[in-house]
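Taking it in order: structure first as structure tokens, then the write-up.
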Amino acid sequence: MKQIPEAQVRSTEQQQQVPAPVNEELALVAIQSKYLLKDTTQAQVFLYVDAFKGKNPISVADFVKLYNLNYVIYSDYGTRERLGYGNVKLDSTNVSRMGDKIVISYDLKSPNRDYGVLLSEISQTGTLKKVLNDLTIRFKKLAVNQTYGVYVGNSSQPLQRHYVNTNEQVTIKKAVGGADQLHVYYYNHDFEPAGSPMNIAPKNVSKSLEVDSTFTINANQPLQFSKEGLYNIFADTTQSEGLGILVVNERFPKITRPQLLLGPLLYMSTNNEINEIKKAEDYKKALDKYWLTLMNGNAPLAQQSIRSFYGRVEEANQLFTTYKEGWKTDKGMIYIILGPPDKVQRSKDREVWTYDHKGNAQNVNFTFNRRNNQFVDDHYELVRYAEYQPIWYPVVEAWRNGSIR
């Protein structure tokens, strides 16, 4: 399940904010999670933990000594009906490192239900410090994206994210092995960025996507996607939902190409400003002029604003990329402009982000509803209201005058 790591968001599920680590202080900054079904009776759960000892990522050996893991399966959000619970003994067989993250994997016996909410609790030994993570599990849905994972290089843990870079070698593996032949549909399509939060006009019916090419691959065989774009993988072509992988350039989630830097500016610019940059022969000079003009020629302020804005874009790409880049999603748009929410409430098919104070309002809520999608199972759409205008425009103006750091 892809949610907002708590380095950026305060919530009780995928992440939980804690003070910045000092000296040798221990800190769990964020937890993300996903699962793979072995069959309808057993699931494998993966927790991706940003854990620090002082300013450095904690070692696997220290993590195993210092933390405990317990879990409860509830029948739904907001209920106390328990379907199962347990304690996971942490050791070198189920705790490993992936980049800077600690990854915990454990097996979970499925209750005889279609659906459940897994609440994992990581606690620090001898203290009251703990971080919670909630994960929706559809125990009977043996779709390809619930049974196959994407593994990079020699990693024994699947990626939690939906994207891979063109320079990464990946392997598609089933939770229970098996070298099945998989069917791949490739789409070379540039998806539209999110529309304004105030745009309540009915959506145009989108045309069906044209498949650019199809081919087959074998599970458990290393491969590399050299062509950027969206790949949807099926074990059975009669299924409607696949395992979507967005293949992106080697710099992603950073955006560095001048032509790509223009896209996210849509959220804080006028149509005329965007069109002027598009017409320019030299994108880089046009972008520099854009920022300098906004900051009244103050170059240091312009540089600081650029760092802040594209830092948010990078975080949005890390957190929210689905079948399209994270900055293009509804969540990404809200996150880039308003920053991390102060509170996130989740239910089965909905998230509500609350900002304590934004623009000219207090306790502002943004509701995202989960929508069926053929590529990913965590596609959310914002419920739009014209009433967001007095909240949105002052924050956009703060970006434009350099007062957001």
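Ordering of the structure tokens sets the chain letters (A, B, ...), residue numbers begin anew at 1 in every chain, and ligands are numbered from 1 in the order given.
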Contacts of segment 345-362 of chain A at 9 Å (only C-alpha atoms; same-chain gap of 5+ positions) as an mmCIF file with N, CA and C atoms, in the first residue's frame:
```cif
data_model
loop_
_atom_site.group_PDB
_atom_site.id
_atom_site.type_symbol
_atom_site.label_atom_id
_atom_site.label_comp_id
_atom_site.auth_asym_id
_atom_site.auth_seq_id
_atom_site.Cartn_x
_atom_site.Cartn_y
_atom_site.Cartn_z
ATOM 1 N N SER A 11 0.509 10.696 10.192
ATOM 2 C CA SER A 11 -0.688 9.872 10.207
ATOM 3 C C SER A 11 -0.376 8.612 10.954
ATOM 4 N N THR A 12 -1.410 7.840 11.272
ATOM 5 C CA THR A 12 -1.176 6.628 12.042
ATOM 6 C C THR A 12 -1.073 5.421 11.155
ATOM 7 N N GLU A 13 -0.965 5.573 9.847
ATOM 8 C CA GLU A 13 -0.867 4.361 9.060
ATOM 9 C C GLU A 13 0.501 4.196 8.495
ATOM 10 N N ASP A 76 -12.516 -4.224 9.664
ATOM 11 C CA ASP A 76 -12.648 -3.011 8.854
ATOM 12 C C ASP A 76 -12.093 -1.845 9.642
ATOM 13 N N TYR A 77 -11.990 -0.699 8.997
ATOM 14 C CA TYR A 77 -11.632 0.519 9.708
ATOM 15 C C TYR A 77 -12.773 0.896 10.647
ATOM 16 N N GLY A 78 -12.428 1.424 11.809
ATOM 17 C CA GLY A 78 -13.452 1.917 12.728
ATOM 18 C C GLY A 78 -14.176 0.836 13.507
ATOM 19 N N VAL A 117 -8.225 -5.298 7.645
ATOM 20 C CA VAL A 117 -7.267 -4.205 7.836
ATOM 21 C C VAL A 117 -6.199 -4.682 8.809
ATOM 22 N N ASP A 134 -1.216 0.867 8.889
ATOM 23 C CA ASP A 134 -2.408 0.102 8.530
ATOM 24 C C ASP A 134 -2.382 -0.238 7.047
ATOM 25 N N THR A 136 -4.709 -2.301 4.012
ATOM 26 C CA THR A 136 -5.888 -3.018 3.547
ATOM 27 C C THR A 136 -5.460 -4.265 2.781
ATOM 28 N N LEU A 338 0.345 22.540 -1.037
ATOM 29 C CA LEU A 338 0.028 22.756 0.374
ATOM 30 C C LEU A 338 0.985 22.063 1.337
ATOM 31 N N PRO A 340 2.744 18.583 3.311
ATOM 32 C CA PRO A 340 2.181 17.419 3.979
ATOM 33 C C PRO A 340 0.992 17.797 4.854
ATOM 34 N N THR A 367 -10.761 15.319 0.383
ATOM 35 C CA THR A 367 -11.178 13.914 0.363
ATOM 36 C C THR A 367 -10.772 13.268 -0.952
ATOM 37 N N PHE A 368 -10.133 12.110 -0.851
ATOM 38 C CA PHE A 368 -9.714 11.341 -2.025
ATOM 39 C C PHE A 368 -10.430 9.989 -1.995
ATOM 40 N N ASN A 369 -11.110 9.668 -3.078
ATOM 41 C CA ASN A 369 -11.802 8.389 -3.179
ATOM 42 C C ASN A 369 -11.017 7.423 -4.070
ATOM 43 N N ARG A 370 -10.919 6.179 -3.640
ATOM 44 C CA ARG A 370 -10.260 5.161 -4.452
ATOM 45 C C ARG A 370 -11.134 4.838 -5.663
ATOM 46 N N ARG A 371 -10.520 4.770 -6.833
ATOM 47 C CA ARG A 371 -11.245 4.450 -8.059
ATOM 48 C C ARG A 371 -10.644 3.208 -8.709
ATOM 49 N N TYR A 380 -6.387 7.188 -6.533
ATOM 50 C CA TYR A 380 -7.358 8.000 -5.790
ATOM 51 C C TYR A 380 -7.665 9.283 -6.560
ATOM 52 N N PRO A 390 -10.665 30.320 -1.930
ATOM 53 C CA PRO A 390 -9.987 31.212 -0.979
ATOM 54 C C PRO A 390 -8.879 30.534 -0.172
ATOM 55 N N ILE A 391 -8.819 29.216 -0.237
ATOM 56 C CA ILE A 391 -7.746 28.488 0.436
ATOM 57 C C ILE A 391 -6.558 28.336 -0.513
ATOM 58 N N TRP A 392 -6.869 27.997 -1.759
ATOM 59 C CA TRP A 392 -5.843 27.628 -2.732
ATOM 60 C C TRP A 392 -5.030 28.820 -3.222
ATOM 61 N N TYR A 393 -5.726 29.886 -3.630
ATOM 62 C CA TYR A 393 -5.022 30.995 -4.284
ATOM 63 C C TYR A 393 -4.025 31.718 -3.374
ATOM 64 N N PRO A 394 -4.315 31.923 -2.089
ATOM 65 C CA PRO A 394 -3.292 32.566 -1.247
ATOM 66 C C PRO A 394 -2.013 31.733 -1.129
ATOM 67 N N VAL A 395 -2.145 30.400 -1.117
ATOM 68 C CA VAL A 395 -0.943 29.566 -1.007
ATOM 69 C C VAL A 395 -0.166 29.590 -2.331
#
```
Which of segment 162-316 of chain A end up as alpha helix (DSSP H) when DSSP is run on this backbone - answer as a PyMOL selection string? chain A and resi 258-261+271-279+283-294+299-316
Export of the given selection (N, CA and C atoms) as a short mmCIF file (atom, residue, chain, number, x, y, z; two decimals), in the first residue's frame:
```cif
data_model
loop_
_atom_site.label_atom_id
_atom_site.label_comp_id
_atom_site.auth_asym_id
_atom_site.auth_seq_id
_atom_site.Cartn_x
_atom_site.Cartn_y
_atom_site.Cartn_z
N PRO A 258 15.14 20.25 -18.60
CA PRO A 258 14.39 21.51 -18.69
C PRO A 258 12.96 21.33 -19.20
N GLN A 259 12.76 20.45 -20.20
CA GLN A 259 11.41 20.26 -20.75
C GLN A 259 10.47 19.67 -19.71
N LEU A 260 11.01 18.84 -18.81
CA LEU A 260 10.17 18.22 -17.78
C LEU A 260 9.93 19.15 -16.60
N LEU A 261 10.84 20.09 -16.38
CA LEU A 261 10.68 21.03 -15.26
C LEU A 261 9.45 21.92 -15.44
N ASN A 271 -1.84 30.52 -17.67
CA ASN A 271 -1.71 29.91 -19.00
C ASN A 271 -0.72 30.68 -19.87
N ASN A 272 -0.76 32.03 -19.76
CA ASN A 272 0.15 32.86 -20.55
C ASN A 272 1.61 32.58 -20.21
N GLU A 273 1.89 32.43 -18.91
CA GLU A 273 3.27 32.15 -18.48
C GLU A 273 3.74 30.80 -19.04
N ILE A 274 2.89 29.80 -18.95
CA ILE A 274 3.25 28.47 -19.46
C ILE A 274 3.49 28.53 -20.97
N ASN A 275 2.61 29.22 -21.68
CA ASN A 275 2.74 29.31 -23.14
C ASN A 275 4.00 30.06 -23.56
N GLU A 276 4.38 31.08 -22.80
CA GLU A 276 5.61 31.83 -23.10
C GLU A 276 6.83 30.94 -23.00
N ILE A 277 6.86 30.11 -21.95
CA ILE A 277 8.00 29.20 -21.79
C ILE A 277 8.01 28.16 -22.91
N LYS A 278 6.82 27.65 -23.26
CA LYS A 278 6.73 26.63 -24.32
C LYS A 278 7.24 27.17 -25.66
N LYS A 279 7.03 28.47 -25.89
CA LYS A 279 7.44 29.07 -27.18
C LYS A 279 8.94 29.35 -27.25
N TYR A 283 14.64 26.41 -23.24
CA TYR A 283 13.79 26.18 -22.07
C TYR A 283 14.45 26.63 -20.77
N LYS A 284 15.75 26.34 -20.64
CA LYS A 284 16.42 26.64 -19.38
C LYS A 284 16.43 28.16 -19.12
N LYS A 285 16.76 28.94 -20.16
CA LYS A 285 16.77 30.39 -19.99
C LYS A 285 15.37 30.91 -19.68
N ALA A 286 14.37 30.34 -20.35
CA ALA A 286 12.99 30.77 -20.13
C ALA A 286 12.54 30.45 -18.71
N LEU A 287 12.94 29.29 -18.19
CA LEU A 287 12.57 28.93 -16.81
C LEU A 287 13.28 29.83 -15.80
N ASP A 288 14.55 30.12 -16.05
CA ASP A 288 15.28 31.03 -15.15
C ASP A 288 14.62 32.41 -15.14
N LYS A 289 14.23 32.87 -16.32
CA LYS A 289 13.57 34.18 -16.42
C LYS A 289 12.23 34.16 -15.67
N TYR A 290 11.50 33.06 -15.79
CA TYR A 290 10.21 32.93 -15.11
C TYR A 290 10.38 33.12 -13.60
N TRP A 291 11.31 32.37 -13.01
CA TRP A 291 11.49 32.45 -11.56
C TRP A 291 12.04 33.81 -11.13
N LEU A 292 12.99 34.35 -11.91
CA LEU A 292 13.55 35.66 -11.55
C LEU A 292 12.49 36.76 -11.62
N THR A 293 11.62 36.66 -12.62
CA THR A 293 10.54 37.65 -12.75
C THR A 293 9.60 37.58 -11.56
N LEU A 294 9.22 36.36 -11.14
CA LEU A 294 8.34 36.21 -9.98
C LEU A 294 8.98 36.80 -8.73
N ALA A 299 17.87 36.89 -7.17
CA ALA A 299 18.39 35.58 -7.59
C ALA A 299 18.48 34.58 -6.44
N PRO A 300 19.02 34.97 -5.24
CA PRO A 300 19.06 33.99 -4.14
C PRO A 300 17.67 33.48 -3.75
N LEU A 301 16.68 34.40 -3.73
CA LEU A 301 15.31 33.98 -3.39
C LEU A 301 14.76 33.05 -4.46
N ALA A 302 15.06 33.36 -5.72
CA ALA A 302 14.61 32.50 -6.81
C ALA A 302 15.21 31.10 -6.68
N GLN A 303 16.50 31.02 -6.36
CA GLN A 303 17.15 29.71 -6.21
C GLN A 303 16.54 28.93 -5.06
N GLN A 304 16.26 29.62 -3.95
CA GLN A 304 15.67 28.95 -2.80
C GLN A 304 14.26 28.44 -3.13
N SER A 305 13.49 29.26 -3.86
CA SER A 305 12.12 28.86 -4.23
C SER A 305 12.14 27.67 -5.18
N ILE A 306 13.09 27.67 -6.11
CA ILE A 306 13.23 26.55 -7.05
C ILE A 306 13.53 25.26 -6.29
N ARG A 307 14.46 25.35 -5.33
CA ARG A 307 14.81 24.15 -4.53
C ARG A 307 13.60 23.64 -3.76
N SER A 308 12.86 24.57 -3.15
CA SER A 308 11.69 24.18 -2.36
C SER A 308 10.62 23.54 -3.22
N PHE A 309 10.34 24.17 -4.36
CA PHE A 309 9.25 23.68 -5.22
C PHE A 309 9.59 22.31 -5.80
N TYR A 310 10.78 22.19 -6.37
CA TYR A 310 11.12 20.92 -7.00
C TYR A 310 11.47 19.84 -5.97
N GLY A 311 11.79 20.25 -4.75
CA GLY A 311 11.91 19.28 -3.66
C GLY A 311 10.56 18.64 -3.38
N ARG A 312 9.50 19.47 -3.38
CA ARG A 312 8.14 18.94 -3.20
C ARG A 312 7.76 18.03 -4.37
N VAL A 313 8.15 18.42 -5.58
CA VAL A 313 7.84 17.60 -6.76
C VAL A 313 8.50 16.23 -6.63
N GLU A 314 9.75 16.22 -6.19
CA GLU A 314 10.47 14.95 -6.03
C GLU A 314 9.77 14.08 -4.98
N GLU A 315 9.38 14.69 -3.87
CA GLU A 315 8.69 13.92 -2.83
C GLU A 315 7.36 13.37 -3.35
N ALA A 316 6.64 14.19 -4.11
CA ALA A 316 5.37 13.73 -4.68
C ALA A 316 5.59 12.54 -5.61
#
```
Residue with the minimum atom-to-atom distance to Leu265 of chain A, picked from A:Ser240, A:Phe320, A:Pro193, A:Gly178 with only C-alpha atoms counted, is A:Pro193
Of the candidates A:Leu246, A:Ile58, A:Glu192, A:Gln44, which shows the shortest atom-to-atom distance to Tyr106 of chain A, using only C-alpha atoms? A:Gln44
Could you please determine the separation between atom CA of Lys89 of chain A and atom CA of Lys141 of chain A in Å, to one decimal place? 27.9 Å
Using only C-alpha atoms, which of A:Leu159, A:Met333, A:Val103, A:Leu142 sits nearest Gly263 of chain A?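 Under the stated criterion, the closest residue is A:Met333.
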Determine, for each residue of segment 40-105 of chain A having at least one atom at most 12 Å from an atom of segment 144-153 of chain A, the closest pair of atoms and their separation in Å to one decimal, counting only C-alpha atoms; order by chain and ascending number, as a Markdown table.
```
| residue | atom | partner | partner_atom | distance |
| --- | --- | --- | --- | --- |
| A:Thr40 | CA | A:Thr147 | CA | 10.4 |
| A:Gln42 | CA | A:Thr147 | CA | 11.0 |
| A:Ala43 | CA | A:Thr147 | CA | 9.1 |
| A:Gln44 | CA | A:Thr147 | CA | 9.7 |
| A:Val45 | CA | A:Gln146 | CA | 11.1 |
| A:Phe46 | CA | A:Gly149 | CA | 11.1 |
| A:Met98 | CA | A:Val152 | CA | 9.9 |
| A:Gly99 | CA | A:Val152 | CA | 11.1 |
```
Residues within 10 Å of segment 93-95 of chain A, please, as a list of chain:residue names. Count only C-alpha atoms; anything in the same chain fewer than 3 positions from it doesn't count.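 The filter keeps A:Phe46, A:Leu47, A:Val60, A:Ala61, A:Phe63, A:Val64, A:Val88, A:Lys89, A:Leu90, A:Ile102, A:Val103, A:Ile104, A:Ser105, A:Tyr106, A:Asp107.
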Between A:Ser96, A:Ile255, A:Leu132, A:Val344, which has the minimum distance to Leu119 of chain A (counting only C-alpha atoms)?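 Of all the options, A:Leu132 lies closest to Leu119 of chain A.
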Non-local contacts of Ile172 of chain A (10 Å; only C-alpha atoms; under 3 positions in same chain excluded) as a list in words: Tyr148, Gly149, Val150, Tyr151, Val152, Pro158, Ala175, Ala179, Asp180, Leu182, Ile217, Asn218, Ala219, Asn220, Gln221, Pro222, Leu223, Ile233 and Leu243 of chain A
File of the preceding selection, all heavy atoms, as a compact mmCIF listing (two decimals), in the first residue's frame:
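Saved file part_21.txt follows:
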```txt
# COMPACT_ATOMS: atom_id res chain seq x y z
N TYR A 148 2.09 -11.13 -7.60
CA TYR A 148 3.43 -10.94 -8.18
C TYR A 148 4.05 -9.66 -7.64
O TYR A 148 3.37 -8.64 -7.47
CB TYR A 148 3.37 -10.84 -9.70
CG TYR A 148 3.15 -12.15 -10.41
CD1 TYR A 148 1.86 -12.66 -10.58
CD2 TYR A 148 4.21 -12.87 -10.95
CE1 TYR A 148 1.64 -13.86 -11.25
CE2 TYR A 148 4.00 -14.07 -11.62
CZ TYR A 148 2.71 -14.55 -11.76
OH TYR A 148 2.51 -15.74 -12.41
N GLY A 149 5.36 -9.70 -7.40
CA GLY A 149 6.09 -8.52 -6.99
C GLY A 149 7.19 -8.19 -7.99
O GLY A 149 7.60 -9.04 -8.79
N VAL A 150 7.66 -6.95 -7.94
CA VAL A 150 8.75 -6.49 -8.80
C VAL A 150 10.01 -6.38 -7.94
O VAL A 150 10.02 -5.67 -6.94
CB VAL A 150 8.43 -5.13 -9.44
CG1 VAL A 150 9.57 -4.69 -10.36
CG2 VAL A 150 7.12 -5.19 -10.20
N TYR A 151 11.05 -7.10 -8.33
CA TYR A 151 12.29 -7.15 -7.55
C TYR A 151 13.42 -6.54 -8.37
O TYR A 151 13.56 -6.82 -9.55
CB TYR A 151 12.64 -8.60 -7.20
CG TYR A 151 11.61 -9.28 -6.32
CD1 TYR A 151 10.39 -9.71 -6.84
CD2 TYR A 151 11.86 -9.49 -4.96
CE1 TYR A 151 9.44 -10.32 -6.03
CE2 TYR A 151 10.92 -10.10 -4.15
CZ TYR A 151 9.71 -10.52 -4.69
OH TYR A 151 8.77 -11.12 -3.89
N VAL A 152 14.22 -5.70 -7.73
CA VAL A 152 15.34 -5.04 -8.41
C VAL A 152 16.64 -5.75 -8.06
O VAL A 152 16.90 -6.05 -6.88
CB VAL A 152 15.42 -3.55 -8.03
CG1 VAL A 152 16.74 -2.95 -8.49
CG2 VAL A 152 14.27 -2.78 -8.64
N PRO A 158 10.35 -7.31 -2.55
CA PRO A 158 9.76 -6.61 -3.70
C PRO A 158 9.77 -5.09 -3.50
O PRO A 158 9.79 -4.61 -2.37
CB PRO A 158 8.32 -7.14 -3.73
CG PRO A 158 8.02 -7.47 -2.30
CD PRO A 158 9.32 -7.97 -1.72
N ALA A 175 4.69 -14.78 -5.46
CA ALA A 175 4.97 -15.00 -4.04
C ALA A 175 5.33 -16.44 -3.74
O ALA A 175 6.08 -16.73 -2.81
CB ALA A 175 3.76 -14.56 -3.20
N ALA A 179 7.62 -20.29 -12.81
CA ALA A 179 8.14 -19.51 -13.95
C ALA A 179 7.07 -19.35 -15.03
O ALA A 179 7.22 -19.80 -16.16
CB ALA A 179 9.39 -20.19 -14.52
N ASP A 180 5.98 -18.71 -14.66
CA ASP A 180 4.88 -18.53 -15.60
C ASP A 180 5.26 -17.56 -16.72
O ASP A 180 6.13 -16.70 -16.57
CB ASP A 180 3.64 -17.97 -14.89
CG ASP A 180 3.19 -18.87 -13.75
OD1 ASP A 180 3.47 -20.07 -13.82
OD2 ASP A 180 2.56 -18.36 -12.82
N LEU A 182 4.23 -14.36 -18.76
CA LEU A 182 3.42 -13.18 -18.48
C LEU A 182 3.23 -12.36 -19.75
O LEU A 182 4.13 -12.29 -20.59
CB LEU A 182 4.08 -12.33 -17.40
CG LEU A 182 4.33 -13.04 -16.05
CD1 LEU A 182 5.17 -12.16 -15.14
CD2 LEU A 182 3.02 -13.40 -15.38
N ILE A 217 6.94 -12.09 -21.35
CA ILE A 217 8.15 -12.27 -20.56
C ILE A 217 7.94 -13.49 -19.67
O ILE A 217 6.81 -13.98 -19.54
CB ILE A 217 8.47 -11.03 -19.69
CG1 ILE A 217 7.30 -10.74 -18.73
CG2 ILE A 217 8.79 -9.82 -20.54
CD1 ILE A 217 7.59 -9.65 -17.71
N ASN A 218 8.99 -13.97 -19.07
CA ASN A 218 8.87 -15.09 -18.13
C ASN A 218 9.11 -14.60 -16.71
O ASN A 218 10.03 -13.81 -16.46
CB ASN A 218 9.89 -16.18 -18.47
CG ASN A 218 9.54 -16.88 -19.77
OD1 ASN A 218 8.38 -17.17 -20.04
ND2 ASN A 218 10.56 -17.17 -20.58
N ALA A 219 8.27 -15.03 -15.79
CA ALA A 219 8.50 -14.74 -14.38
C ALA A 219 9.84 -15.35 -13.97
O ALA A 219 10.30 -16.33 -14.57
CB ALA A 219 7.38 -15.31 -13.53
N ASN A 220 10.47 -14.74 -12.99
CA ASN A 220 11.77 -15.20 -12.44
C ASN A 220 12.94 -15.00 -13.39
O ASN A 220 14.04 -15.46 -13.09
CB ASN A 220 11.71 -16.67 -12.01
CG ASN A 220 10.74 -16.89 -10.87
OD1 ASN A 220 10.54 -16.01 -10.05
ND2 ASN A 220 10.10 -18.04 -10.83
N GLN A 221 12.73 -14.32 -14.51
CA GLN A 221 13.83 -14.06 -15.45
C GLN A 221 14.19 -12.57 -15.39
O GLN A 221 13.32 -11.71 -15.61
CB GLN A 221 13.42 -14.43 -16.87
CG GLN A 221 13.20 -15.91 -17.09
CD GLN A 221 14.49 -16.71 -16.96
OE1 GLN A 221 15.52 -16.34 -17.51
NE2 GLN A 221 14.43 -17.81 -16.24
N PRO A 222 15.45 -12.22 -15.13
CA PRO A 222 15.83 -10.80 -15.09
C PRO A 222 15.58 -10.13 -16.44
O PRO A 222 15.78 -10.74 -17.49
CB PRO A 222 17.33 -10.84 -14.76
CG PRO A 222 17.56 -12.18 -14.16
CD PRO A 222 16.57 -13.10 -14.82
N LEU A 223 15.14 -8.88 -16.39
CA LEU A 223 14.94 -8.11 -17.62
C LEU A 223 15.14 -6.64 -17.33
O LEU A 223 15.19 -6.22 -16.17
CB LEU A 223 13.54 -8.36 -18.20
CG LEU A 223 12.34 -7.81 -17.42
CD1 LEU A 223 11.23 -7.43 -18.38
CD2 LEU A 223 11.80 -8.85 -16.43
N ILE A 233 1.17 -5.67 -16.86
CA ILE A 233 1.54 -7.08 -16.93
C ILE A 233 0.39 -7.96 -16.45
O ILE A 233 -0.20 -7.69 -15.39
CB ILE A 233 2.81 -7.33 -16.09
CG1 ILE A 233 3.96 -6.48 -16.63
CG2 ILE A 233 3.19 -8.81 -16.09
CD1 ILE A 233 5.20 -6.50 -15.78
N LEU A 243 -0.61 -5.64 -13.41
CA LEU A 243 0.46 -5.12 -12.56
C LEU A 243 1.13 -3.99 -13.35
O LEU A 243 1.92 -4.23 -14.25
CB LEU A 243 1.45 -6.24 -12.24
CG LEU A 243 2.75 -5.85 -11.51
CD1 LEU A 243 2.44 -5.26 -10.14
CD2 LEU A 243 3.67 -7.04 -11.38
```
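When atom CA of Phe52 of chain A is paired with atom CA of Ser120 of chain A, their separation reads 19.0 Å.
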